[in-house]
Structure formats: structure tokens, C-alpha cells
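Below: one structure, written as C-alpha cells.
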Amino acid sequence: MKDHKLTSDGVIVLSTFPDEKSLIDLSKTLVAEKRLCACVNYAKIKSMYMWENELKQENEFLAIFKSTSSLLDDLKIEISNYHPYKIPEIVTLSMTDVSSDYMLWLLNNTRTNTDDT
């Protein structure tokens with residue numbers, strides 16, 4: 001593992017997906033290939049929302065992408081470009097109180113801005 005200085009803040013990006021396969025396919029690319037996030041947690045959820053003036057109730061999958069602020073823009077672009085929804089949910093939360101050990105793990109398992117993509 002590389003030793004990075006703790007120069008980047010952690011971020012969490014939330015997004016919902018219509019099915020597990022599309023979430024897993026994108027997550028594998030983001031974690032293993034592009035290294036834009038260190039971890040993706042996901043769970044099956046029920047959602048209620050308005051779409052085209054109609055109330056919808058759907059089963060979805062909520063993805064929690066864990067990354068760094070320096071990779072946030074690239075991560076959001078990848079999610080947006082490969083997401084199956086016409087208007088994907090992409091919500092960013094800042095990690096304001098993170099253990100230094102966890103932050104170091106997160107940094108060591110994502111690429112830096114100078115790494116090749």
C-alpha cells in the first residue's frame with residue numbers, strides 16, 4: 001500500500017439503483033479498475049417518489065460510495081455517465097469526523113490525482 005499524507009477529506013456519495021446488477025457492475029469498475037472509491041456498501045430499500053406527475057413506489061438498491069474529496073468530481077462523472085436512470089440521484093456528504101486509521105485506509109485504497117487512470 002502507498003502511504004499518503006492525510007491531505008484529502010473523506011466523502012460519501014449516495015445513489016439509488018433499479019437493480020443489484022447495475023449497481024455491482026458500476027461498483028466493480030469504480031473500486032477495482034478506476035479506484036475512485038475504496039468501498040461501496042449497498043442495501044435493498046423501498047422508495048416512494050414523484051416521477052412525471054405520478055407517485056411511484058419501487059424496490060431499489062441504495063449505494064454508499066466511500067471516497068475522497070480529491071476524487072469526488074471524477075466519481076460523480078462516472079456515476080452519472082454509467083447510471084441506468086435518466087436522472088440519477090447523486091448526493092454527497094462530507095465525512096467530518098473520521099478516524100485517522102480509516103481515513104488512511106481509504107486513501108491507500110483509492111488512486112491519487114497523479115496516478116494513471
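Residues in the C-alpha cells are numbered from 1 in each chain, the chains being A, B, ... in the order shown, and ligands are numbered from 1 in the order shown.
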
- prompt: Contacts of region 60-73 of chain A at 9 Å or less, counting only C-alpha atoms, minus same-chain residues fewer than 2 places along, as JSON, numbers by chain?
  reply: {"A": [8, 9, 10, 11, 12, 13, 14, 15, 16, 17, 18, 19, 20, 23, 27, 36, 37, 38, 39, 40, 41, 42, 43, 44, 45, 46, 47, 58, 75, 76, 77, 78, 92, 94, 103, 106, 107, 110, 111, 112, 113]}

- Task: Write out as a ChimeraX atom specification all residues of region 4-67 of chain A that DSSP puts in strand (DSSP E) for this structure's backbone.
- Result: /A:10-17,39-51,54-67

Store the residues picked out above, limited to N, CA and C atoms, as a CSV table (one decimal), in the first residue's frame.
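Dumped to again20.csv:
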chain,number,residue,atom,x,y,z
A,10,GLY,N,-12.5,12.8,3.5
A,10,GLY,CA,-13.4,11.7,3.0
A,10,GLY,C,-14.8,12.3,2.6
A,11,VAL,N,-15.4,11.6,1.7
A,11,VAL,CA,-16.7,11.9,1.2
A,11,VAL,C,-17.5,10.6,1.0
A,12,ILE,N,-18.8,10.7,1.2
A,12,ILE,CA,-19.8,9.7,0.9
A,12,ILE,C,-20.7,10.1,-0.2
A,13,VAL,N,-20.9,9.3,-1.2
A,13,VAL,CA,-21.8,9.6,-2.2
A,13,VAL,C,-22.9,8.6,-2.2
A,14,LEU,N,-24.2,9.1,-2.1
A,14,LEU,CA,-25.3,8.2,-2.1
A,14,LEU,C,-26.0,8.2,-3.5
A,15,SER,N,-26.4,7.0,-3.9
A,15,SER,CA,-27.2,6.9,-5.2
A,15,SER,C,-28.0,5.7,-5.1
A,16,THR,N,-29.2,5.7,-5.7
A,16,THR,CA,-30.1,4.6,-5.8
A,16,THR,C,-30.0,4.0,-7.2
A,17,PHE,N,-30.2,2.7,-7.2
A,17,PHE,CA,-30.2,1.9,-8.5
A,17,PHE,C,-31.5,1.0,-8.6
A,39,CYS,N,-14.7,1.7,-1.2
A,39,CYS,CA,-15.7,0.8,-0.7
A,39,CYS,C,-17.0,1.3,-1.2
A,40,VAL,N,-17.9,0.3,-1.5
A,40,VAL,CA,-19.3,0.6,-1.8
A,40,VAL,C,-20.1,-0.4,-0.9
A,41,ASN,N,-20.9,0.2,0.0
A,41,ASN,CA,-21.9,-0.6,0.7
A,41,ASN,C,-23.3,-0.4,0.0
A,42,TYR,N,-24.1,-1.5,0.0
A,42,TYR,CA,-25.4,-1.3,-0.6
A,42,TYR,C,-26.4,-2.2,0.1
A,43,ALA,N,-27.7,-1.8,0.0
A,43,ALA,CA,-28.8,-2.5,0.6
A,43,ALA,C,-30.0,-2.3,-0.2
A,44,LYS,N,-30.9,-3.3,-0.2
A,44,LYS,CA,-32.2,-3.2,-0.8
A,44,LYS,C,-33.1,-2.3,0.0
A,45,ILE,N,-33.8,-1.4,-0.7
A,45,ILE,CA,-34.6,-0.4,0.0
A,45,ILE,C,-36.0,-0.3,-0.7
A,46,LYS,N,-36.9,0.3,-0.1
A,46,LYS,CA,-38.2,0.7,-0.8
A,46,LYS,C,-38.2,2.2,-0.9
A,47,SER,N,-38.6,2.7,-2.1
A,47,SER,CA,-38.6,4.1,-2.3
A,47,SER,C,-40.0,4.6,-2.7
A,48,MET,N,-40.3,5.8,-2.3
A,48,MET,CA,-41.5,6.4,-2.8
A,48,MET,C,-41.2,7.8,-3.3
A,49,TYR,N,-41.6,8.2,-4.5
A,49,TYR,CA,-41.2,9.4,-5.1
A,49,TYR,C,-42.1,9.8,-6.2
A,50,MET,N,-42.1,11.1,-6.6
A,50,MET,CA,-42.9,11.5,-7.7
A,50,MET,C,-42.0,11.5,-9.0
A,51,TRP,N,-42.6,10.9,-10.0
A,51,TRP,CA,-42.0,10.8,-11.3
A,51,TRP,C,-43.0,11.1,-12.4
A,54,GLU,N,-46.6,11.4,-11.2
A,54,GLU,CA,-47.2,10.2,-10.7
A,54,GLU,C,-46.4,9.7,-9.5
A,55,LEU,N,-47.1,9.3,-8.5
A,55,LEU,CA,-46.5,8.7,-7.3
A,55,LEU,C,-46.0,7.3,-7.6
A,56,LYS,N,-44.7,7.1,-7.3
A,56,LYS,CA,-44.1,5.7,-7.6
A,56,LYS,C,-43.7,5.1,-6.3
A,57,GLN,N,-43.9,3.8,-6.1
A,57,GLN,CA,-43.3,3.0,-5.0
A,57,GLN,C,-42.5,1.9,-5.7
A,58,GLU,N,-41.2,1.9,-5.4
A,58,GLU,CA,-40.4,0.9,-6.1
A,58,GLU,C,-39.4,0.3,-5.1
A,59,ASN,N,-39.0,-0.9,-5.4
A,59,ASN,CA,-37.8,-1.5,-4.8
A,59,ASN,C,-36.6,-1.0,-5.5
A,60,GLU,N,-35.6,-0.6,-4.7
A,60,GLU,CA,-34.4,-0.1,-5.3
A,60,GLU,C,-33.2,-0.6,-4.4
A,61,PHE,N,-32.0,-0.2,-4.9
A,61,PHE,CA,-30.8,-0.5,-4.1
A,61,PHE,C,-30.1,0.8,-3.8
A,62,LEU,N,-29.8,1.0,-2.5
A,62,LEU,CA,-29.1,2.2,-2.1
A,62,LEU,C,-27.6,1.9,-2.1
A,63,ALA,N,-26.8,2.7,-2.8
A,63,ALA,CA,-25.4,2.5,-2.8
A,63,ALA,C,-24.7,3.7,-2.0
A,64,ILE,N,-23.8,3.3,-1.2
A,64,ILE,CA,-23.0,4.3,-0.4
A,64,ILE,C,-21.5,4.1,-0.8
A,65,PHE,N,-21.1,5.1,-1.6
A,65,PHE,CA,-19.8,5.1,-2.2
A,65,PHE,C,-18.9,5.9,-1.2
A,66,LYS,N,-17.7,5.3,-0.8
A,66,LYS,CA,-16.8,6.0,0.1
A,66,LYS,C,-15.5,6.4,-0.7
A,67,SER,N,-15.2,7.7,-0.7
A,67,SER,CA,-14.1,8.2,-1.5
A,67,SER,C,-13.5,9.3,-0.8

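Taking CA of Ala32 (chain A) as the reference point, CA of Val91 (chain A) is found at 22.0 Å.
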
Name the residues of chain A that fall into helix (DSSP H, G or I) according to DSSP on the backbone, using the chain letters and numbers of this document, as a ChimeraX atom specification.
/A:20-33,69-82,100-108

Can you spit out the residues from that selection as an mmCIF file, in the first residue's frame, using N, CA and C atoms?
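Below is the file part_35.cif, written as the result:
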data_model
loop_
_atom_site.group_PDB
_atom_site.id
_atom_site.type_symbol
_atom_site.label_atom_id
_atom_site.label_comp_id
_atom_site.auth_asym_id
_atom_site.auth_seq_id
_atom_site.Cartn_x
_atom_site.Cartn_y
_atom_site.Cartn_z
ATOM 1 N N GLU A 20 -29.741 -4.782 -8.595
ATOM 2 C CA GLU A 20 -28.448 -5.096 -7.993
ATOM 3 C C GLU A 20 -27.346 -5.228 -9.036
ATOM 4 N N LYS A 21 -27.659 -5.787 -10.191
ATOM 5 C CA LYS A 21 -26.644 -5.996 -11.224
ATOM 6 C C LYS A 21 -26.022 -4.690 -11.696
ATOM 7 N N SER A 22 -26.828 -3.688 -11.982
ATOM 8 C CA SER A 22 -26.270 -2.417 -12.463
ATOM 9 C C SER A 22 -25.409 -1.762 -11.382
ATOM 10 N N LEU A 23 -25.814 -1.887 -10.127
ATOM 11 C CA LEU A 23 -25.037 -1.336 -9.020
ATOM 12 C C LEU A 23 -23.703 -2.071 -8.888
ATOM 13 N N ILE A 24 -23.727 -3.394 -8.928
ATOM 14 C CA ILE A 24 -22.498 -4.175 -8.780
ATOM 15 C C ILE A 24 -21.556 -3.941 -9.955
ATOM 16 N N ASP A 25 -22.079 -3.922 -11.171
ATOM 17 C CA ASP A 25 -21.237 -3.694 -12.349
ATOM 18 C C ASP A 25 -20.498 -2.362 -12.239
ATOM 19 N N LEU A 26 -21.205 -1.302 -11.906
ATOM 20 C CA LEU A 26 -20.573 0.005 -11.771
ATOM 21 C C LEU A 26 -19.612 0.020 -10.582
ATOM 22 N N SER A 27 -20.002 -0.578 -9.478
ATOM 23 C CA SER A 27 -19.163 -0.576 -8.275
ATOM 24 C C SER A 27 -17.840 -1.287 -8.507
ATOM 25 N N LYS A 28 -17.857 -2.414 -9.210
ATOM 26 C CA LYS A 28 -16.614 -3.129 -9.509
ATOM 27 C C LYS A 28 -15.662 -2.245 -10.311
ATOM 28 N N THR A 29 -16.209 -1.530 -11.274
ATOM 29 C CA THR A 29 -15.388 -0.626 -12.077
ATOM 30 C C THR A 29 -14.801 0.485 -11.214
ATOM 31 N N LEU A 30 -15.637 1.077 -10.365
ATOM 32 C CA LEU A 30 -15.193 2.212 -9.555
ATOM 33 C C LEU A 30 -14.188 1.823 -8.483
ATOM 34 N N VAL A 31 -14.339 0.629 -7.895
ATOM 35 C CA VAL A 31 -13.451 0.198 -6.808
ATOM 36 C C VAL A 31 -12.187 -0.468 -7.349
ATOM 37 N N ALA A 32 -12.336 -1.464 -8.208
ATOM 38 C CA ALA A 32 -11.186 -2.277 -8.618
ATOM 39 C C ALA A 32 -10.428 -1.715 -9.814
ATOM 40 N N GLU A 33 -11.148 -1.174 -10.793
ATOM 41 C CA GLU A 33 -10.485 -0.721 -12.010
ATOM 42 C C GLU A 33 -10.036 0.736 -11.938
ATOM 43 N N SER A 69 -12.337 13.653 -1.234
ATOM 44 C CA SER A 69 -12.782 14.890 -1.883
ATOM 45 C C SER A 69 -12.012 15.157 -3.172
ATOM 46 N N SER A 70 -10.757 14.729 -3.236
ATOM 47 C CA SER A 70 -9.972 14.972 -4.452
ATOM 48 C C SER A 70 -10.462 14.133 -5.637
ATOM 49 N N LEU A 71 -11.170 13.046 -5.370
ATOM 50 C CA LEU A 71 -11.690 12.190 -6.437
ATOM 51 C C LEU A 71 -13.180 12.393 -6.685
ATOM 52 N N LEU A 72 -13.797 13.276 -5.925
ATOM 53 C CA LEU A 72 -15.244 13.439 -5.967
ATOM 54 C C LEU A 72 -15.771 13.784 -7.352
ATOM 55 N N ASP A 73 -15.185 14.750 -8.021
ATOM 56 C CA ASP A 73 -15.691 15.153 -9.337
ATOM 57 C C ASP A 73 -15.636 13.999 -10.329
ATOM 58 N N ASP A 74 -14.517 13.262 -10.354
ATOM 59 C CA ASP A 74 -14.395 12.115 -11.262
ATOM 60 C C ASP A 74 -15.399 11.029 -10.909
ATOM 61 N N LEU A 75 -15.597 10.792 -9.609
ATOM 62 C CA LEU A 75 -16.554 9.784 -9.166
ATOM 63 C C LEU A 75 -17.970 10.144 -9.611
ATOM 64 N N LYS A 76 -18.362 11.384 -9.416
ATOM 65 C CA LYS A 76 -19.705 11.818 -9.808
ATOM 66 C C LYS A 76 -19.907 11.714 -11.325
ATOM 67 N N ILE A 77 -18.891 12.029 -12.094
ATOM 68 C CA ILE A 77 -18.981 11.917 -13.553
ATOM 69 C C ILE A 77 -19.177 10.464 -13.958
ATOM 70 N N GLU A 78 -18.399 9.556 -13.360
ATOM 71 C CA GLU A 78 -18.532 8.125 -13.682
ATOM 72 C C GLU A 78 -19.913 7.587 -13.318
ATOM 73 N N ILE A 79 -20.400 7.957 -12.136
ATOM 74 C CA ILE A 79 -21.734 7.511 -11.734
ATOM 75 C C ILE A 79 -22.777 8.043 -12.719
ATOM 76 N N SER A 80 -22.689 9.310 -13.031
ATOM 77 C CA SER A 80 -23.654 9.930 -13.944
ATOM 78 C C SER A 80 -23.603 9.301 -15.341
ATOM 79 N N ASN A 81 -22.400 9.063 -15.839
ATOM 80 C CA ASN A 81 -22.249 8.526 -17.199
ATOM 81 C C ASN A 81 -22.736 7.090 -17.342
ATOM 82 N N TYR A 82 -22.620 6.288 -16.301
ATOM 83 C CA TYR A 82 -22.926 4.861 -16.415
ATOM 84 C C TYR A 82 -24.136 4.418 -15.591
ATOM 85 N N SER A 100 -8.411 8.442 11.999
ATOM 86 C CA SER A 100 -7.241 8.571 11.128
ATOM 87 C C SER A 100 -6.886 7.235 10.483
ATOM 88 N N ASP A 101 -7.074 6.121 11.196
ATOM 89 C CA ASP A 101 -6.793 4.813 10.608
ATOM 90 C C ASP A 101 -7.714 4.529 9.426
ATOM 91 N N TYR A 102 -9.004 4.836 9.573
ATOM 92 C CA TYR A 102 -9.945 4.601 8.479
ATOM 93 C C TYR A 102 -9.630 5.523 7.304
ATOM 94 N N MET A 103 -9.321 6.774 7.576
ATOM 95 C CA MET A 103 -9.009 7.716 6.501
ATOM 96 C C MET A 103 -7.756 7.274 5.754
ATOM 97 N N LEU A 104 -6.772 6.774 6.469
ATOM 98 C CA LEU A 104 -5.552 6.283 5.828
ATOM 99 C C LEU A 104 -5.875 5.080 4.946
ATOM 100 N N TRP A 105 -6.721 4.169 5.438
ATOM 101 C CA TRP A 105 -7.137 3.019 4.630
ATOM 102 C C TRP A 105 -7.847 3.497 3.366
ATOM 103 N N LEU A 106 -8.738 4.470 3.510
ATOM 104 C CA LEU A 106 -9.477 4.997 2.366
ATOM 105 C C LEU A 106 -8.518 5.594 1.338
ATOM 106 N N LEU A 107 -7.551 6.367 1.801
ATOM 107 C CA LEU A 107 -6.569 6.973 0.897
ATOM 108 C C LEU A 107 -5.696 5.920 0.218
ATOM 109 N N ASN A 108 -5.302 4.898 0.959
ATOM 110 C CA ASN A 108 -4.442 3.859 0.398
ATOM 111 C C ASN A 108 -5.164 2.955 -0.590
#
